[in-house]
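**Q** Got a file for you: my_file-v3.txt, compact mmCIF, C-alpha atoms.
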# COMPACT_ATOMS: atom_id res chain seq x y z
CA MET A 27 0.00 0.00 0.00
CA ASN A 28 1.40 3.37 -0.95
CA LEU A 29 0.99 6.53 1.07
CA ASP A 30 -1.80 8.01 -1.06
CA SER A 31 -4.05 4.99 -0.66
CA PHE A 32 -3.21 4.91 3.04
CA PHE A 33 -4.26 8.56 3.38
CA LYS A 34 -7.50 7.80 1.51
CA GLU A 35 -8.27 4.92 3.81
CA VAL A 36 -7.53 6.97 6.93
CA GLY A 37 -9.82 9.73 5.62
CA GLN A 38 -12.75 7.32 5.55
CA HIS A 39 -12.83 7.07 9.36
CA PRO A 40 -14.96 9.87 10.79
CA LEU A 41 -13.71 12.07 13.63
CA LEU A 42 -15.12 11.37 17.08
CA SER A 43 -17.12 13.70 19.26
CA LYS A 44 -16.15 14.14 22.90
CA GLU A 45 -19.01 11.91 24.00
CA GLN A 46 -18.00 9.17 21.57
CA GLU A 47 -14.43 9.36 22.84
CA VAL A 48 -15.63 8.88 26.43
CA GLN A 49 -17.78 5.90 25.41
CA LEU A 50 -14.90 4.30 23.53
CA ALA A 51 -12.48 4.97 26.40
CA GLN A 52 -14.85 3.27 28.81
CA ALA A 53 -15.16 0.31 26.47
CA ILE A 54 -11.35 0.11 26.14
CA GLU A 55 -11.09 0.09 29.92
CA ALA A 56 -13.49 -2.85 29.96
CA GLY A 57 -11.16 -4.70 27.53
CA ASP A 58 -12.97 -4.09 24.20
CA LYS A 59 -10.41 -4.55 21.42
CA PHE A 60 -12.71 -3.25 18.69
CA ALA A 61 -13.22 -0.03 20.62
CA ARG A 62 -9.45 0.36 20.87
CA ASP A 63 -9.05 -0.15 17.10
CA LYS A 64 -11.80 2.37 16.39
CA MET A 65 -10.21 4.95 18.70
CA ILE A 66 -6.86 4.50 16.95
CA GLN A 67 -8.30 4.59 13.42
CA SER A 68 -10.35 7.69 14.15
CA ASN A 69 -7.29 9.56 15.36
CA LEU A 70 -4.84 8.48 12.68
CA ARG A 71 -5.32 11.84 10.93
CA LEU A 72 -3.88 13.54 14.00
CA ALA A 73 -0.89 11.19 13.97
CA ILE A 74 -0.26 11.85 10.27
CA SER A 75 -0.59 15.59 10.75
CA ILE A 76 2.05 15.59 13.50
CA ALA A 77 4.33 13.27 11.52
CA LYS A 78 4.22 15.67 8.57
CA GLN A 79 5.52 18.48 10.79
CA TYR A 80 8.79 16.52 11.08
CA ASN A 81 9.02 15.73 7.38
CA LYS A 82 12.13 17.92 6.90
CA SER A 83 14.02 16.25 9.72
CA GLY A 84 15.78 13.84 7.37
CA CYS A 85 13.64 10.78 8.16
CA ALA A 86 11.29 9.11 5.70
CA LEU A 87 7.63 10.16 6.06
CA GLU A 88 6.56 6.51 6.19
CA ASP A 89 8.79 5.95 9.23
CA LEU A 90 7.54 9.11 10.89
CA ILE A 91 3.92 8.05 10.42
CA GLN A 92 4.74 4.64 11.82
CA GLU A 93 6.35 6.17 14.90
CA SER A 94 3.51 8.63 15.42
CA THR A 95 1.04 5.75 15.22
CA ILE A 96 2.98 3.93 17.92
CA GLY A 97 2.70 7.10 20.03
CA LEU A 98 -1.02 7.23 19.30
CA MET A 99 -1.48 3.64 20.45
CA GLU A 100 0.38 4.46 23.67
CA ALA A 101 -1.94 7.44 24.20
CA VAL A 102 -5.05 5.31 23.62
CA ASP A 103 -3.86 2.82 26.23
CA ARG A 104 -3.13 5.53 28.79
CA PHE A 105 -6.05 7.90 28.18
CA ASP A 106 -8.07 8.68 31.32
CA TRP A 107 -11.55 9.86 30.29
CA ARG A 108 -12.36 10.93 33.90
CA ARG A 109 -10.13 13.98 33.62
CA GLY A 110 -12.48 15.53 31.11
CA PHE A 111 -10.03 16.48 28.34
CA LYS A 112 -10.44 15.76 24.66
CA PHE A 113 -8.39 12.79 23.53
CA SER A 114 -6.44 14.81 20.96
CA THR A 115 -5.15 17.17 23.69
CA TYR A 116 -3.69 14.23 25.53
CA ALA A 117 -2.56 12.19 22.53
CA CYS A 118 -0.56 14.86 20.72
CA TRP A 119 2.10 14.86 23.47
CA TRP A 120 2.58 11.09 23.23
CA ILE A 121 2.68 11.25 19.44
CA LYS A 122 5.20 14.12 19.43
CA GLN A 123 7.36 12.35 21.98
CA SER A 124 7.43 9.19 19.91
CA VAL A 125 8.26 11.03 16.67
CA ARG A 126 10.92 13.21 18.27
CA ARG A 127 12.62 10.19 19.79
CA HIS A 128 12.73 8.55 16.39
CA VAL A 129 14.05 11.71 14.71
CA THR A 130 16.78 12.13 17.33
CA SER A 131 17.96 8.56 16.85
CA ASN A 132 17.65 8.28 13.08
CA ALA A 133 17.86 11.69 11.41
CA SER A 134 21.59 11.38 10.84
CA MET A 135 24.10 8.60 10.27
CA ILE A 136 25.88 9.85 13.36
CA ARG A 137 23.70 9.66 16.44
CA LEU A 138 24.18 12.68 18.65
CA PRO A 139 23.25 12.59 22.33
CA ASN A 140 20.45 14.90 23.48
CA HIS A 141 22.72 17.39 25.22
CA ALA A 142 24.78 17.78 22.03
CA ARG A 143 21.62 18.53 20.06
CA THR A 144 20.65 21.07 22.71
CA VAL A 145 24.03 22.80 22.34
CA LEU A 146 23.62 22.91 18.56
CA TRP A 147 20.12 24.32 18.88
CA GLN A 148 21.36 27.00 21.31
CA ALA A 149 24.23 27.84 18.95
CA ASN A 150 21.81 28.22 16.06
CA GLN A 151 19.48 30.46 18.09
CA LEU A 152 22.44 32.54 19.23
CA ARG A 153 23.63 32.91 15.65
CA LYS A 154 20.19 34.13 14.54
CA ASP A 155 19.99 36.65 17.41
CA TYR A 156 23.51 37.90 16.68
CA ILE A 157 22.78 38.44 13.00
CA GLU A 158 19.56 40.26 13.89
CA SER A 159 21.35 42.54 16.37
CA PHE A 160 24.63 43.24 14.58
CA GLY A 161 23.95 42.41 10.95
CA THR A 162 27.01 40.16 10.63
CA GLU A 163 27.74 36.50 11.09
CA PRO A 164 29.30 35.65 14.49
CA THR A 165 32.51 33.67 14.54
CA LEU A 166 32.55 30.13 15.88
CA GLU A 167 34.76 31.26 18.76
CA GLU A 168 32.28 33.95 19.77
CA ILE A 169 29.37 31.49 19.84
CA ALA A 170 31.44 28.93 21.77
CA GLY A 171 32.48 31.64 24.25
CA VAL A 172 28.87 32.63 24.97
CA LEU A 173 27.79 29.00 25.34
CA GLY A 174 30.74 28.29 27.63
CA ILE A 175 32.18 25.46 25.56
CA GLY A 176 35.41 25.09 23.62
CA ALA A 177 35.56 26.21 19.98
CA ASN A 178 36.90 22.80 18.99
CA THR A 179 33.97 21.07 20.70
CA LEU A 180 31.47 23.22 18.83
CA ARG A 181 33.33 22.68 15.54
CA SER A 182 33.29 18.94 16.11
CA LEU A 183 29.55 18.97 16.98
CA LYS A 184 28.71 20.94 13.83
CA LYS A 185 30.73 18.54 11.74
CA SER A 186 28.99 15.53 13.27
CA ALA A 187 25.55 17.06 12.73
CA GLY A 188 26.23 17.79 9.06
CA ASN A 189 24.21 16.18 6.33
CA MET A 190 25.47 12.86 5.01
CA ILE A 191 25.63 12.24 1.28
CA SER A 192 25.75 8.80 -0.19
CA LEU A 193 28.50 8.16 -2.70
CA ASP A 194 25.98 6.07 -4.62
CA ALA A 195 23.65 9.05 -5.01
CA THR A 196 23.00 9.98 -8.64
CA VAL A 197 24.26 13.26 -10.02
CA GLY A 198 22.16 15.44 -12.31
CA SER A 199 19.13 13.97 -14.03
CA SER A 200 17.57 10.97 -12.40
CA GLY A 201 17.62 7.72 -14.28
CA ASP A 202 19.36 4.41 -14.37
CA ASP A 203 22.11 5.63 -16.69
CA SER A 204 22.93 8.79 -14.71
CA ARG A 205 26.32 8.95 -13.09
CA LYS A 206 26.93 8.28 -9.43
CA LEU A 207 28.62 10.76 -7.12
CA TYR A 208 31.67 8.54 -6.67
CA GLU A 209 32.19 8.58 -10.42
CA VAL A 210 32.62 12.34 -10.60
CA ILE A 211 34.81 12.90 -7.52
CA PRO A 212 38.39 13.11 -8.75
CA ASP A 213 41.02 10.89 -7.19
CA GLU A 214 43.85 13.27 -6.40
CA SER A 215 46.31 10.66 -5.21
CA ASP A 216 49.16 9.63 -7.48
CA THR A 217 48.53 6.65 -9.70
CA VAL A 218 51.01 3.80 -9.90
CA LEU A 219 52.21 5.18 -13.25
CA ASP A 220 52.68 8.66 -11.73
CA ARG A 221 54.68 7.20 -8.90
CA LEU A 222 56.86 5.19 -11.29
CA MET A 223 57.50 8.24 -13.44
CA LYS A 224 58.29 10.32 -10.39
CA SER A 225 60.71 7.69 -9.17
CA ASP A 226 62.39 7.65 -12.61
CA MET A 227 62.62 11.42 -12.64
CA GLN A 228 64.09 11.45 -9.15
CA GLN A 229 66.72 9.00 -10.28
CA ALA A 230 67.50 11.10 -13.36
CA VAL A 231 67.74 14.33 -11.37
CA ARG A 232 69.86 12.62 -8.73
CA SER A 233 72.38 11.46 -11.35
CA ALA A 234 72.21 14.89 -13.05
CA PHE A 235 73.20 16.56 -9.80
CA ALA A 236 76.35 14.45 -9.79
CA LEU A 237 77.41 16.17 -13.03
CA LEU A 238 77.32 19.63 -11.51
CA SER A 239 80.42 21.45 -10.38
CA HIS A 240 80.74 22.43 -6.76
CA ARG A 241 79.86 26.05 -7.59
CA GLU A 242 76.78 25.13 -9.65
CA GLU A 243 75.59 22.80 -6.96
CA LYS A 244 75.98 25.46 -4.32
CA VAL A 245 74.08 28.06 -6.37
CA ILE A 246 71.22 25.61 -6.97
CA ARG A 247 71.12 24.72 -3.32
CA LEU A 248 70.98 28.38 -2.31
CA ARG A 249 68.42 29.20 -4.99
CA PHE A 250 66.11 26.35 -3.98
CA GLY A 251 66.61 26.76 -0.25
CA ILE A 252 68.02 23.29 0.18
CA THR A 253 70.04 23.34 3.35
CA ALA A 254 72.27 20.41 4.06
CA SER A 255 72.38 18.56 7.33
CA ASP A 256 75.70 18.13 9.16
CA ASN A 257 76.12 14.58 7.91
CA ASP A 258 75.12 15.25 4.28
CA ASP A 259 78.56 16.40 3.09
CA LYS A 260 78.47 13.98 0.18
CA ASN A 261 75.41 15.44 -1.53
CA PHE A 262 75.79 19.06 -0.60
CA PRO A 263 79.15 20.00 0.88
CA ILE A 264 78.61 23.00 3.11
CA THR A 265 80.48 24.33 6.10
CA LYS A 266 78.77 24.92 9.41
CA SER A 267 79.38 28.67 9.13
CA GLU A 268 77.68 28.69 5.71
CA LEU A 269 74.73 26.83 7.14
CA LYS A 270 74.45 29.26 10.05
CA LYS A 271 74.60 32.26 7.72
CA LEU A 272 71.89 30.79 5.54
CA GLU A 273 69.70 30.03 8.53
CA ASP A 274 70.18 33.55 9.91
CA ARG A 275 69.22 35.01 6.56
CA THR A 276 66.17 32.76 6.32
CA ASN A 277 65.05 33.71 9.82
CA ALA A 278 65.54 37.40 9.03
CA ASN A 279 63.42 37.06 5.88
CA ALA A 280 60.66 35.17 7.73
CA MET B 24 63.90 55.20 -30.75
CA PRO B 25 61.96 52.77 -28.57
CA MET B 26 63.78 50.42 -26.30
CA PRO B 27 64.09 46.83 -27.53
CA LYS B 28 61.41 44.72 -26.02
CA GLY B 29 63.72 41.91 -24.95
CA TYR B 30 62.88 38.35 -24.06
CA THR B 31 59.76 37.44 -22.20
CA SER B 32 59.40 33.86 -21.04
CA LYS B 33 56.31 32.15 -22.39
CA PHE B 34 55.40 30.83 -18.99
CA GLY B 35 56.43 33.81 -16.86
CA TYR B 36 59.48 34.00 -14.68
CA ALA B 37 60.66 31.56 -12.08
CA THR B 38 60.62 33.27 -8.74
CA VAL B 39 61.50 31.62 -5.49
CA SER B 40 61.89 34.57 -3.14
CA GLY B 41 58.55 33.82 -1.49
CA ASP B 42 59.57 30.25 -0.61
CA SER B 43 61.08 29.49 2.74
CA GLY B 44 64.87 29.46 2.59
CA CYS B 45 65.09 30.27 -1.11
CA LEU B 46 67.43 33.09 -2.08
CA THR B 47 67.31 35.64 -4.89
CA TYR B 48 70.25 35.94 -7.30
CA ARG B 49 71.49 39.02 -5.45
CA GLU B 50 71.38 37.19 -2.13
CA ILE B 51 73.17 34.22 -3.69
CA ALA B 52 75.87 36.59 -5.02
CA GLU B 53 76.26 38.20 -1.58
CA ASN B 54 76.47 34.80 0.06
CA MET B 55 79.06 33.46 -2.37
CA THR B 56 81.10 36.69 -2.18
CA ALA B 57 81.08 36.55 1.61
CA ASP B 58 82.48 33.04 1.31
CA GLY B 59 85.37 34.25 -0.82
CA GLU B 60 83.99 33.48 -4.28
CA LYS B 61 83.36 36.93 -5.74
CA ILE B 62 80.43 36.86 -8.16
CA ASN B 63 77.62 39.27 -9.00
CA HIS B 64 73.91 38.51 -9.41
CA SER B 65 74.18 38.08 -13.20
CA THR B 66 76.90 35.49 -12.76
CA ALA B 67 74.80 33.75 -10.15
CA ARG B 68 71.96 33.59 -12.65
CA ASN B 69 74.29 32.31 -15.40
CA ILE B 70 75.67 29.62 -13.13
CA PHE B 71 72.16 28.62 -12.11
CA LEU B 72 70.97 28.41 -15.71
CA ARG B 73 74.07 26.47 -16.74
CA ALA B 74 73.32 23.96 -14.00
CA MET B 75 69.70 23.80 -15.15
CA ARG B 76 70.85 23.12 -18.73
CA LYS B 77 73.06 20.28 -17.50
CA ILE B 78 70.14 18.75 -15.63
CA ALA B 79 67.81 19.29 -18.61
CA ASN B 80 70.31 17.65 -20.99
CA HIS B 81 70.51 14.69 -18.67
CA VAL B 82 66.81 14.15 -18.11
CA VAL B 83 65.63 14.64 -21.71
CA VAL B 84 68.11 12.18 -23.17
CA ASP B 85 65.21 10.11 -24.54
CA TYR B 86 63.80 13.12 -26.40
CA PRO B 87 66.52 14.34 -28.80
CA ASP B 88 64.29 16.96 -30.45
CA CYS B 89 63.83 18.96 -27.26
CA ASP B 90 65.32 22.42 -26.96
CA THR B 91 67.12 22.02 -23.65
CA ASP B 92 67.95 25.74 -23.38
CA GLN B 93 64.28 26.58 -23.49
CA ILE B 94 63.46 23.81 -21.03
CA ALA B 95 66.15 24.97 -18.62
CA GLU B 96 64.71 28.50 -18.59
CA ASP B 97 61.13 27.29 -18.16
CA PRO B 98 59.92 28.15 -14.66
CA ARG B 99 57.81 24.99 -14.64
CA PHE B 100 60.92 22.87 -15.17
CA GLN B 101 62.80 24.79 -12.49
CA SER B 102 60.06 24.35 -9.93
CA ALA B 103 59.81 20.64 -10.83
CA VAL B 104 63.55 20.23 -10.28
CA GLN B 105 63.24 22.10 -6.99
CA GLU B 106 60.46 19.78 -5.87
CA LEU B 107 62.36 16.66 -6.88
CA ALA B 108 65.63 17.88 -5.34
CA THR B 109 63.81 18.65 -2.10
CA GLU B 110 62.28 15.18 -2.05
CA ILE B 111 65.55 13.50 -2.96
CA TYR B 112 67.40 15.09 -0.11
CA ASP B 113 64.39 14.83 2.21
CA ILE B 114 64.54 18.41 3.40
Would you encode the structure as structure tokens?

**A**
Amino acid sequence: MNLDSFFKEVGQHPLLSKEQEVQLAQAIEAGDKFARDKMIQSNLRLAISIAKQYNKSGCALEDLIQESTIGLMEAVDRFDWRRGFKFSTYACWWIKQSVRRHVTSNASMIRLPNHARTVLWQANQLRKDYIESFGTEPTLEEIAGVLGIGANTLRSLKKSAGNMISLDATVGSSGDDSRKLYEVIPDESDTVLDRLMKSDMQQAVRSAFALLSHREEKVIRLRFGITASDNDDKNFPITKSELKKLEDRTNANA
Amino acid sequence: MPMPKGYTSKFGYATVSGDSGCLTYREIAENMTADGEKINHSTARNIFLRAMRKIANHVVVDYPDCDTDQIAEDPRFQSAVQELATEIYDI
């Protein structure tokens, strides 16, 4: 059954009046299963309506509706008609609680604990207030300072709460022949051929350096900023005083 | 009479002064002169280019049609040699 037909079916159950709710609640208390089913079916619209409010949370609507229905069933079982409230007033809290719990656990690949979500929410509110007051974006350090947490902690939390993208997701037009994301991300590491060529070139340059005179070698070394270590006299002969001069000059330029 | 326009490298000029520890030709000349080998910045440049030509001649041995003088002056070649030399000597 798809969602549309489910919505149609739910729409066929009429809403209950307060008196009907009390009658059904009394029957449920007496152990009437049909009354329980009727109470649930008549309030499914409420469950769907609340589930739709969380549609942008990153969870599938089908899952949200399922969770809100579980919350609705919990509310039906716990409803006390003697208190005199309408069922929907009582049920919406159970439904919301059930949906929120599901969203918190499943909205992201990385599950964040509740206190971390609270910190992120506070940071977001603070950011909005700051922009409204000063017209500019606050820095991460400023937000972290106000919240009394470290900047690195906040950075890490934001990173963890970021949206996940599947590498198998299609790029551009949808269809079976469209390319996947992993196909268009370039691999910037050296290939085996690149590494072989680099190794060859290193060998060639190494042997070419052996052909240079002492003066040429020294000029190249100075030009390229290649300082020799104390025990590298073979490759780049240099005295300690030369090395010190070069280091002094480098430090002065820095 | 206008001044001759002179040579302009196709790929710009190799400049290393911004890199850490790299010296300009004038600084190289000062350094060498302080060490008792009196040269000026032009000589430093000539020595550097001669060394580059030697390296270019050696590495393009499989490509006889290449103009090694042009390659030696190419800033891309010079920066490639710098990168390889730095890796070779693990600076």

**Q** How far is it from atom CA of A:Arg137 to atom CA of A:Asp155, in Å with one decimal?

**A**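 Distance between the two atoms: 27.3 Å.
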
**Q** Mind pulling up the distance from atom CA of A:Met99 to atom CA of A:Ser31?

**A** 21.3 Å

**Q** So how many Å separate atom CA of A:Arg249 and atom CA of B:Arg76, to one decimal?

**A**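 Going from atom CA of A:Arg249 over to atom CA of B:Arg76 covers 15.2 Å.
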
**Q** Nearest residue to A:Gly110 out of A:Arg232, A:Lys44, A:Lys185, A:Arg221, using only C-alpha atoms?

**A**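 Checking each candidate against A:Gly110, we get A:Lys44 as the closest.
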
**Q** Taking only C-alpha atoms into account, produce a table as a Markdown table in which each residue of chain B with an atom at most 8 Å from an atom of chain A appears once, together with its shortest atom pair and the distance in Å to one decimal, ordered by chain and rising number.

**A**
| residue | atom | partner | partner_atom | distance |
| --- | --- | --- | --- | --- |
| B:Val39 | CA | A:Phe250 | CA | 7.2 |
| B:Asp42 | CA | A:Gly251 | CA | 7.9 |
| B:Ser43 | CA | A:Gly251 | CA | 6.9 |
| B:Gly44 | CA | A:Gly251 | CA | 4.3 |
| B:Cys45 | CA | A:Gly251 | CA | 3.9 |
| B:Leu46 | CA | A:Arg249 | CA | 5.0 |
| B:Thr47 | CA | A:Arg249 | CA | 6.5 |
| B:Tyr48 | CA | A:Arg249 | CA | 7.4 |
| B:Ile51 | CA | A:Leu248 | CA | 6.4 |
| B:Asp58 | CA | A:Glu268 | CA | 7.8 |
| B:Ala67 | CA | A:Val245 | CA | 6.9 |
| B:Ile70 | CA | A:Glu242 | CA | 5.8 |
| B:Phe71 | CA | A:Ile246 | CA | 6.0 |
| B:Arg73 | CA | A:Glu242 | CA | 7.7 |
| B:Ala74 | CA | A:Glu242 | CA | 5.7 |
| B:Lys77 | CA | A:Ala234 | CA | 7.0 |
| B:Ile78 | CA | A:Ala234 | CA | 5.1 |
| B:His81 | CA | A:Ala234 | CA | 5.9 |
| B:Val82 | CA | A:Ala230 | CA | 5.7 |
| B:Val104 | CA | A:Val231 | CA | 7.3 |
| B:Gln105 | CA | A:Phe250 | CA | 5.9 |
| B:Leu107 | CA | A:Gln228 | CA | 5.9 |
| B:Ala108 | CA | A:Val231 | CA | 7.3 |
| B:Thr109 | CA | A:Ile252 | CA | 6.7 |
| B:Ile111 | CA | A:Gln228 | CA | 6.7 |
| B:Ile114 | CA | A:Ile252 | CA | 6.8 |

**Q** Point out the residue among A:Lys34, A:Lys112, A:Lys82, A:Arg62 with the least atom-to-atom distance to A:Val48, counting only C-alpha atoms.

**A**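 Smallest distance to A:Val48 is found for A:Lys112.
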
**Q** Give me the box for stretch 90-106 of chain B as lines of an AutoDock Vina configuration file, namely the centre and edge lengths in Å to one decimal of a box along x, y and z that holds every listed atom plus 5 Å on each side.

**A**
center_x = 62.9
center_y = 24.1
center_z = -16.4
size_x = 20.1
size_y = 18.7
size_z = 31.1

**Q** What's the 10 Å shell around A:Ala170, counting all atoms listed in the file, without same-chain residues fewer than 3 positions away, as a list in words?

**A**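 In the requested format, the answer is Val145, Ala149, Thr165, Leu166, Glu167, Leu173, Gly174, Ile175, Gly176, Ala177, Asn178, Thr179, Leu180 and Arg181 of chain A.
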
**Q** With a distance cut-off of 8 Å and all atoms listed in the file, select the neighbouring residues of B:Ala79, excluding the residue or stretch itself and same-chain residues fewer than 6 positions from it, and output the selection as an NGL selection string.

**A** :B and (91 or 94-95)

**Q** Please list as a PyMOL selection string every residue within 6 Å of B:Ala52, counting all atoms listed in the file and excluding residues in the same chain fewer than 3 positions away.

**A** chain B and resi 49+55-56+62-64+67

**Q** Create the file for the chosen residues now, containing C-alpha atoms and written as an mmCIF file, in the frame of the given file.

**A**
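Saved result, result_29.cif, follows:
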data_model
loop_
_atom_site.group_PDB
_atom_site.id
_atom_site.type_symbol
_atom_site.label_atom_id
_atom_site.label_comp_id
_atom_site.auth_asym_id
_atom_site.auth_seq_id
_atom_site.Cartn_x
_atom_site.Cartn_y
_atom_site.Cartn_z
ATOM 1 C CA ARG B 49 71.490 39.020 -5.450
ATOM 2 C CA MET B 55 79.060 33.460 -2.370
ATOM 3 C CA THR B 56 81.100 36.690 -2.180
ATOM 4 C CA ILE B 62 80.430 36.860 -8.160
ATOM 5 C CA ASN B 63 77.620 39.270 -9.000
ATOM 6 C CA HIS B 64 73.910 38.510 -9.410
ATOM 7 C CA ALA B 67 74.800 33.750 -10.150
#

**Q** Neighbours of A:Thr196 within 7 Å (all atoms listed in the file; same-chain residues fewer than 2 positions away dropped), as a JSON list (two decimals) with C-alpha atoms, keeping the file's coordinate frame?

**A**
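Written out: selection.json:
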[["chain", "number", "residue", "atom", "x", "y", "z"],
["A", 194, "ASP", "CA", 25.98, 6.07, -4.62],
["A", 198, "GLY", "CA", 22.16, 15.44, -12.31],
["A", 200, "SER", "CA", 17.57, 10.97, -12.40],
["A", 204, "SER", "CA", 22.93, 8.79, -14.71],
["A", 205, "ARG", "CA", 26.32, 8.95, -13.09],
["A", 206, "LYS", "CA", 26.93, 8.28, -9.43],
["A", 207, "LEU", "CA", 28.62, 10.76, -7.12]]

**Q** Just add N, CA and C atoms to stretch 146-165 of chain A and send it as a compact mmCIF listing (two decimals), in the coordinates of the input.

**A**
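Ended up saving to result-v1.txt:
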# COMPACT_ATOMS: atom_id res chain seq x y z
N LEU A 146 23.71 22.47 19.96
CA LEU A 146 23.62 22.91 18.56
C LEU A 146 22.42 23.83 18.35
N TRP A 147 21.32 23.49 19.01
CA TRP A 147 20.12 24.32 18.88
C TRP A 147 20.39 25.70 19.48
N GLN A 148 21.04 25.72 20.66
CA GLN A 148 21.36 27.00 21.31
C GLN A 148 22.30 27.82 20.42
N ALA A 149 23.28 27.15 19.83
CA ALA A 149 24.23 27.84 18.95
C ALA A 149 23.51 28.45 17.76
N ASN A 150 22.56 27.72 17.22
CA ASN A 150 21.81 28.22 16.06
C ASN A 150 20.95 29.43 16.44
N GLN A 151 20.31 29.33 17.62
CA GLN A 151 19.48 30.46 18.09
C GLN A 151 20.35 31.69 18.31
N LEU A 152 21.51 31.44 18.93
CA LEU A 152 22.44 32.54 19.23
C LEU A 152 22.91 33.21 17.94
N ARG A 153 23.18 32.40 16.95
CA ARG A 153 23.63 32.91 15.65
C ARG A 153 22.55 33.81 15.04
N LYS A 154 21.30 33.34 15.10
CA LYS A 154 20.19 34.13 14.54
C LYS A 154 20.05 35.47 15.27
N ASP A 155 20.12 35.42 16.62
CA ASP A 155 19.99 36.65 17.41
C ASP A 155 21.12 37.62 17.10
N TYR A 156 22.33 37.06 16.95
CA TYR A 156 23.51 37.90 16.68
C TYR A 156 23.37 38.61 15.35
N ILE A 157 22.94 37.85 14.33
CA ILE A 157 22.78 38.44 13.00
C ILE A 157 21.70 39.54 13.04
N GLU A 158 20.65 39.28 13.79
CA GLU A 158 19.56 40.26 13.89
C GLU A 158 20.04 41.53 14.59
N SER A 159 20.89 41.37 15.60
CA SER A 159 21.35 42.54 16.37
C SER A 159 22.46 43.30 15.67
N PHE A 160 23.44 42.57 15.10
CA PHE A 160 24.63 43.24 14.58
C PHE A 160 24.74 43.22 13.06
N GLY A 161 23.93 42.44 12.42
CA GLY A 161 23.95 42.41 10.95
C GLY A 161 25.09 41.64 10.34
N THR A 162 25.91 40.98 11.17
CA THR A 162 27.01 40.16 10.63
C THR A 162 26.98 38.78 11.27
N GLU A 163 27.67 37.89 10.61
CA GLU A 163 27.74 36.50 11.09
C GLU A 163 28.71 36.41 12.26
N PRO A 164 28.33 35.79 13.39
CA PRO A 164 29.30 35.65 14.49
C PRO A 164 30.33 34.57 14.17
N THR A 165 31.51 34.71 14.75
CA THR A 165 32.51 33.67 14.54
C THR A 165 32.19 32.48 15.45
